[in-house]
Amino acid sequence: MAHTPLMPIPGLVDPVPTPRDITPREDGRVDLLGLPRQRIAELFEAAGLDAKAAKLRGKQVFHWLYHRGVTDFEAMTDIAKTMRPWLAERFVIGRPEVVLSQHSSDGTRKWLLKTADGHEFEMVFIPDADRGTLCVSSQVGCTLNCRFCHTGTMRLVRNLTPGEIVGQVMLARDALGEWPKGSMAGLDDDEDEGGYSADGRLLTNIVMMGMGEPLYNFDNVRDALKLVMDGDGLALSKRRITLSTSGVVPMMVKCGEEIGVNLAVSLHAVSKDVRDEIVPINRKYGLEELLQACADYPGASNARRITFEYVMLKDKNDSDEDARELVRLIKQFKLPAKVNLIPFNPWPGAIYECSSPERIKRFSDIVFEAGISAPVRTPRGRDIDAACGQLKTAAQKLSRAELDRLAEEKQAALG
Ligand code: SAH
Ligand code: SF4
């Protein structure tokens, strides 16, 4: 194995400060996107409604906002006509701004989005035969600097707020045109947990695998996913949501207890030397500690296995011995596990190459023969730079004129 000197861990490795959940707008109105029922009701009360009315209106607006995807108070038909302008004067229901959207020839869609304070982040939608997966970002950039990851080369700008996180799911639903229609009555049974099956639905699954480390933005990710899972909110089952972490060990139990979604762990290496080099958080929380936290993950079982992500890097982590050691570790810690082998997606300036298809197949066979599922993830959206962190950079390279032209096209398409 070639020896590569260790890099110091750049940037912050501890949770970063987050802005408040309510960012004041210039026009004085408050954006309700990302707020829970209770908070919406409190704001209504603070604006002058009595407690009982505030609670009722809060519940109604919550439903329209998250379950029906409505952004205009005028469309909230069970709220009195006179009440709607009162709401519109004081509140808005926003969305992250779309800077660019791209459609790949394989159906993958990618959006470059912008926060109200001007920071760009990404989301990707990947349709398959039996599911449609939205890859959601949790931070603008990332502090963790994994060496094969393009996002790791970006400076962390800030954590995304719950509104900016849940806003990605809302925006995808807008773009896919799949908000439930019909009246408020009778929504509950077929659209609660399990209702968003693959049948006829485009967006069926969510993975927290976009930009950023979700467990370094725990509270906001939890609050956003609660809105996604709420039966009267986006109503997506926790079984259809997967959170991916590079291994923030102290937050993993909390993730299982307070969010309860499926866990994916970016393992990528099975020895201290290699993992220290390519996933530098390993120097803080080592392999044994990480695998023990996986063994202790609340809710993990054979029916809900932990996914180990393993990026295939030529001559770095892809030998037969690596595959056998991976199997040994999974068995030693008695982990209900599946392995997801990810062909490395190169980016300009990356110091690694992807393993050959034969090497990846051999690695997969060794793990599979030991009784552990080890599919190779098919690269998607290659023609639109759909890998983590790449659209943002690609867009920065577009000339101003091109961006203006794209904005005009978007405007024209919106009519
Ligand atoms: N920060 C979290 C989630 C975002 S990264 C984490 O690290 O788990 C989502 C997944 O994409 C991780 O498994 C990451 O290792 C992988 N990834 C990042 N850059 C990649 C690249 N260039 N090629 C292949 N996989 C990559
Ligand atoms: Fe951050 Fe995940 Fe990329 Fe590592 S792989 S730099 S944790 S986004």
# chains A, B, ... in the order shown; residues from 1 in each chain; ligands from 1
>>> residues_near_ligand(ligand="ligand 1", cutoff="6 Å", atoms="only C-alpha atoms and all ligand atoms", output="NGL selection string")
:A and (148-150 or 209-213 or 244-246 or 265-266 or 309 or 311 or 342-346 or 388)
>>> residues_around(residues="Phe363 (chain A)", least_positions_apart="5", cutoff="9 Å", atoms="only C-alpha atoms", output="CSV table (one decimal) with all heavy atoms, in the first residue's frame")
chain,number,residue,atom,x,y,z
A,318,ASP,N,-9.3,-1.3,-1.8
A,318,ASP,CA,-10.1,-2.2,-2.7
A,318,ASP,C,-9.5,-3.6,-2.8
A,318,ASP,O,-9.9,-4.3,-3.7
A,318,ASP,CB,-10.3,-1.6,-4.0
A,318,ASP,CG,-9.0,-1.3,-4.8
A,318,ASP,OD1,-7.9,-1.5,-4.2
A,318,ASP,OD2,-9.1,-1.0,-6.0
A,319,SER,N,-8.6,-4.0,-1.9
A,319,SER,CA,-8.0,-5.4,-2.1
A,319,SER,C,-8.9,-6.5,-1.6
A,319,SER,O,-9.8,-6.2,-0.8
A,319,SER,CB,-6.6,-5.4,-1.4
A,319,SER,OG,-6.9,-5.3,0.0
A,320,ASP,N,-8.5,-7.7,-1.9
A,320,ASP,CA,-9.2,-8.9,-1.4
A,320,ASP,C,-9.1,-8.9,0.2
A,320,ASP,O,-10.1,-9.2,0.9
A,320,ASP,CB,-8.6,-10.2,-1.9
A,320,ASP,CG,-8.9,-10.4,-3.4
A,320,ASP,OD1,-9.6,-9.6,-4.0
A,320,ASP,OD2,-8.5,-11.5,-3.9
A,322,ASP,N,-8.9,-6.3,2.1
A,322,ASP,CA,-9.8,-5.3,2.6
A,322,ASP,C,-11.2,-5.9,2.7
A,322,ASP,O,-11.9,-5.7,3.7
A,322,ASP,CB,-9.8,-4.0,1.7
A,322,ASP,CG,-8.5,-3.2,1.9
A,322,ASP,OD1,-8.0,-3.1,3.0
A,322,ASP,OD2,-8.0,-2.7,0.8
A,323,ALA,N,-11.6,-6.6,1.7
A,323,ALA,CA,-12.9,-7.1,1.6
A,323,ALA,C,-13.1,-8.2,2.8
A,323,ALA,O,-14.1,-8.2,3.5
A,323,ALA,CB,-13.2,-7.8,0.3
A,324,ARG,N,-12.1,-9.0,3.0
A,324,ARG,CA,-12.2,-10.0,4.0
A,324,ARG,C,-12.2,-9.4,5.4
A,324,ARG,O,-12.9,-9.8,6.3
A,324,ARG,CB,-11.0,-11.0,3.9
A,324,ARG,CG,-11.3,-12.0,2.7
A,324,ARG,CD,-10.3,-13.2,2.8
A,324,ARG,NE,-9.0,-12.8,2.2
A,324,ARG,CZ,-8.8,-13.0,0.9
A,324,ARG,NH1,-9.6,-13.6,0.1
A,324,ARG,NH2,-7.6,-12.7,0.4
A,341,LEU,N,-21.4,-0.6,-2.3
A,341,LEU,CA,-20.1,-0.3,-2.9
A,341,LEU,C,-20.3,0.9,-3.9
A,341,LEU,O,-21.1,0.7,-4.8
A,341,LEU,CB,-19.5,-1.5,-3.6
A,341,LEU,CG,-19.2,-2.7,-2.6
A,341,LEU,CD1,-18.8,-3.9,-3.4
A,341,LEU,CD2,-18.2,-2.3,-1.6
A,358,GLU,N,-13.7,-4.9,-12.6
A,358,GLU,CA,-13.3,-6.3,-12.2
A,358,GLU,C,-13.0,-6.3,-10.7
A,358,GLU,O,-13.4,-7.2,-10.0
A,358,GLU,CB,-12.1,-6.8,-13.0
A,358,GLU,CG,-12.3,-6.9,-14.5
A,358,GLU,CD,-12.3,-5.5,-15.2
A,358,GLU,OE1,-11.5,-4.7,-14.8
A,358,GLU,OE2,-13.1,-5.3,-16.1
A,368,PHE,N,-20.2,-10.8,-0.5
A,368,PHE,CA,-21.5,-11.5,-0.8
A,368,PHE,C,-21.4,-13.0,-0.4
A,368,PHE,O,-22.3,-13.5,0.2
A,368,PHE,CB,-21.8,-11.3,-2.3
A,368,PHE,CG,-23.2,-11.9,-2.6
A,368,PHE,CD1,-24.3,-11.2,-2.2
A,368,PHE,CD2,-23.3,-13.1,-3.2
A,368,PHE,CE1,-25.6,-11.7,-2.5
A,368,PHE,CE2,-24.5,-13.6,-3.5
A,368,PHE,CZ,-25.7,-12.9,-3.2
A,374,ALA,N,-23.9,-7.0,-0.9
A,374,ALA,CA,-22.9,-5.9,-1.3
A,374,ALA,C,-23.1,-5.5,-2.7
A,374,ALA,O,-22.2,-5.6,-3.6
A,374,ALA,CB,-21.5,-6.5,-1.1
>>> closest_residue(among="A:Gly58, A:Pro348, A:Gly152, A:Gly231", to="Pro280 (chain A)", atoms="only C-alpha atoms")
A:Gly152
>>> closest_residue(among="A:Leu243, A:Ala129, A:Ala224, A:Val157", to="Cys255 (chain A)", atoms="only C-alpha atoms")
A:Leu243
>>> closest_residue(among="A:Ser271, A:Asn145, A:Asn340, A:Thr378", to="ligand 2", atoms="only C-alpha atoms and all ligand atoms")
A:Asn145
>>> residues_around(residues="region 27-32 of chain A", least_positions_apart="5", cutoff="7 Å", atoms="only C-alpha atoms", output="ChimeraX atom specification")
/A:40,90-94
>>> closest_residue(among="A:Ala235, A:Leu263, A:Leu49, A:Val228", to="Pro162 (chain A)", atoms="only C-alpha atoms")
A:Val228
>>> decode(residues="region 134-147 of chain A", atoms="all heavy atoms", output="mmCIF file, in the first residue's frame")
data_model
loop_
_atom_site.group_PDB
_atom_site.id
_atom_site.type_symbol
_atom_site.label_atom_id
_atom_site.label_comp_id
_atom_site.auth_asym_id
_atom_site.auth_seq_id
_atom_site.Cartn_x
_atom_site.Cartn_y
_atom_site.Cartn_z
ATOM 1 N N LEU A 134 -34.766 11.173 -3.105
ATOM 2 C CA LEU A 134 -34.275 12.546 -3.073
ATOM 3 C C LEU A 134 -33.082 12.612 -2.133
ATOM 4 O O LEU A 134 -33.156 12.201 -0.973
ATOM 5 C CB LEU A 134 -35.376 13.499 -2.585
ATOM 6 C CG LEU A 134 -34.988 14.977 -2.670
ATOM 7 C CD1 LEU A 134 -34.945 15.434 -4.136
ATOM 8 C CD2 LEU A 134 -35.964 15.847 -1.889
ATOM 9 N N CYS A 135 -31.980 13.135 -2.637
ATOM 10 C CA CYS A 135 -30.750 13.264 -1.854
ATOM 11 C C CYS A 135 -30.685 14.702 -1.340
ATOM 12 O O CYS A 135 -30.608 15.648 -2.117
ATOM 13 C CB CYS A 135 -29.575 12.931 -2.771
ATOM 14 S SG CYS A 135 -28.002 13.052 -1.963
ATOM 15 N N VAL A 136 -30.776 14.849 -0.023
ATOM 16 C CA VAL A 136 -30.976 16.154 0.602
ATOM 17 C C VAL A 136 -29.694 16.626 1.299
ATOM 18 O O VAL A 136 -28.991 15.838 1.918
ATOM 19 C CB VAL A 136 -32.161 16.024 1.610
ATOM 20 C CG1 VAL A 136 -32.303 17.251 2.485
ATOM 21 C CG2 VAL A 136 -33.461 15.745 0.859
ATOM 22 N N SER A 137 -29.410 17.925 1.212
ATOM 23 C CA SER A 137 -28.237 18.507 1.882
ATOM 24 C C SER A 137 -28.591 18.969 3.287
ATOM 25 O O SER A 137 -29.724 19.375 3.559
ATOM 26 C CB SER A 137 -27.717 19.718 1.099
ATOM 27 O OG SER A 137 -27.151 19.312 -0.125
ATOM 28 N N SER A 138 -27.583 18.924 4.177
ATOM 29 C CA SER A 138 -27.802 19.377 5.556
ATOM 30 C C SER A 138 -26.971 20.609 5.907
ATOM 31 O O SER A 138 -27.271 21.298 6.887
ATOM 32 C CB SER A 138 -27.482 18.250 6.542
ATOM 33 O OG SER A 138 -26.157 17.780 6.344
ATOM 34 N N GLN A 139 -25.905 20.859 5.148
ATOM 35 C CA GLN A 139 -25.056 22.021 5.410
ATOM 36 C C GLN A 139 -24.619 22.634 4.078
ATOM 37 O O GLN A 139 -24.647 21.967 3.047
ATOM 38 C CB GLN A 139 -23.779 21.588 6.166
ATOM 39 C CG GLN A 139 -24.036 20.939 7.518
ATOM 40 C CD GLN A 139 -22.731 20.559 8.227
ATOM 41 O OE1 GLN A 139 -21.862 19.898 7.651
ATOM 42 N NE2 GLN A 139 -22.603 20.979 9.475
ATOM 43 N N VAL A 140 -24.178 23.893 4.134
ATOM 44 C CA VAL A 140 -23.527 24.495 2.970
ATOM 45 C C VAL A 140 -22.047 24.222 3.162
ATOM 46 O O VAL A 140 -21.418 24.784 4.044
ATOM 47 C CB VAL A 140 -23.767 26.018 2.898
ATOM 48 C CG1 VAL A 140 -23.065 26.602 1.681
ATOM 49 C CG2 VAL A 140 -25.250 26.332 2.847
ATOM 50 N N GLY A 141 -21.518 23.282 2.352
ATOM 51 C CA GLY A 141 -20.134 22.822 2.548
ATOM 52 C C GLY A 141 -20.082 21.779 3.650
ATOM 53 O O GLY A 141 -21.115 21.241 4.059
ATOM 54 N N CYS A 142 -18.883 21.482 4.123
ATOM 55 C CA CYS A 142 -18.720 20.476 5.183
ATOM 56 C C CYS A 142 -17.392 20.730 5.875
ATOM 57 O O CYS A 142 -16.426 21.142 5.231
ATOM 58 C CB CYS A 142 -18.730 19.069 4.576
ATOM 59 S SG CYS A 142 -18.702 17.751 5.805
ATOM 60 N N THR A 143 -17.347 20.495 7.178
ATOM 61 C CA THR A 143 -16.091 20.740 7.907
ATOM 62 C C THR A 143 -15.157 19.542 7.854
ATOM 63 O O THR A 143 -14.048 19.616 8.351
ATOM 64 C CB THR A 143 -16.360 20.996 9.400
ATOM 65 O OG1 THR A 143 -17.227 19.990 9.883
ATOM 66 C CG2 THR A 143 -16.928 22.356 9.631
ATOM 67 N N LEU A 144 -15.623 18.425 7.325
ATOM 68 C CA LEU A 144 -14.892 17.191 7.605
ATOM 69 C C LEU A 144 -13.804 16.776 6.612
ATOM 70 O O LEU A 144 -13.007 15.905 6.908
ATOM 71 C CB LEU A 144 -15.883 16.057 7.844
ATOM 72 C CG LEU A 144 -16.519 16.226 9.227
ATOM 73 C CD1 LEU A 144 -17.617 15.211 9.450
ATOM 74 C CD2 LEU A 144 -15.477 16.084 10.319
ATOM 75 N N ASN A 145 -13.760 17.346 5.453
ATOM 76 C CA ASN A 145 -12.625 17.129 4.539
ATOM 77 C C ASN A 145 -12.241 15.687 4.238
ATOM 78 O O ASN A 145 -11.046 15.353 4.222
ATOM 79 C CB ASN A 145 -11.379 17.853 5.083
ATOM 80 C CG ASN A 145 -11.658 19.312 5.341
ATOM 81 O OD1 ASN A 145 -12.189 19.637 6.395
ATOM 82 N ND2 ASN A 145 -11.352 20.173 4.412
ATOM 83 N N CYS A 146 -13.224 14.836 3.981
ATOM 84 C CA CYS A 146 -12.869 13.502 3.505
ATOM 85 C C CYS A 146 -12.155 13.702 2.168
ATOM 86 O O CYS A 146 -12.574 14.523 1.355
ATOM 87 C CB CYS A 146 -14.116 12.641 3.341
ATOM 88 S SG CYS A 146 -14.985 12.443 4.895
ATOM 89 N N ARG A 147 -11.100 12.945 1.958
ATOM 90 C CA ARG A 147 -10.181 13.303 0.868
ATOM 91 C C ARG A 147 -10.709 12.997 -0.517
ATOM 92 O O ARG A 147 -10.198 13.524 -1.500
ATOM 93 C CB ARG A 147 -8.862 12.585 1.064
ATOM 94 C CG ARG A 147 -8.015 13.305 2.066
ATOM 95 C CD ARG A 147 -6.636 12.753 1.995
ATOM 96 N NE ARG A 147 -5.696 13.797 1.609
ATOM 97 C CZ ARG A 147 -4.403 13.590 1.532
ATOM 98 N NH1 ARG A 147 -3.910 12.398 1.776
ATOM 99 N NH2 ARG A 147 -3.604 14.565 1.221
#
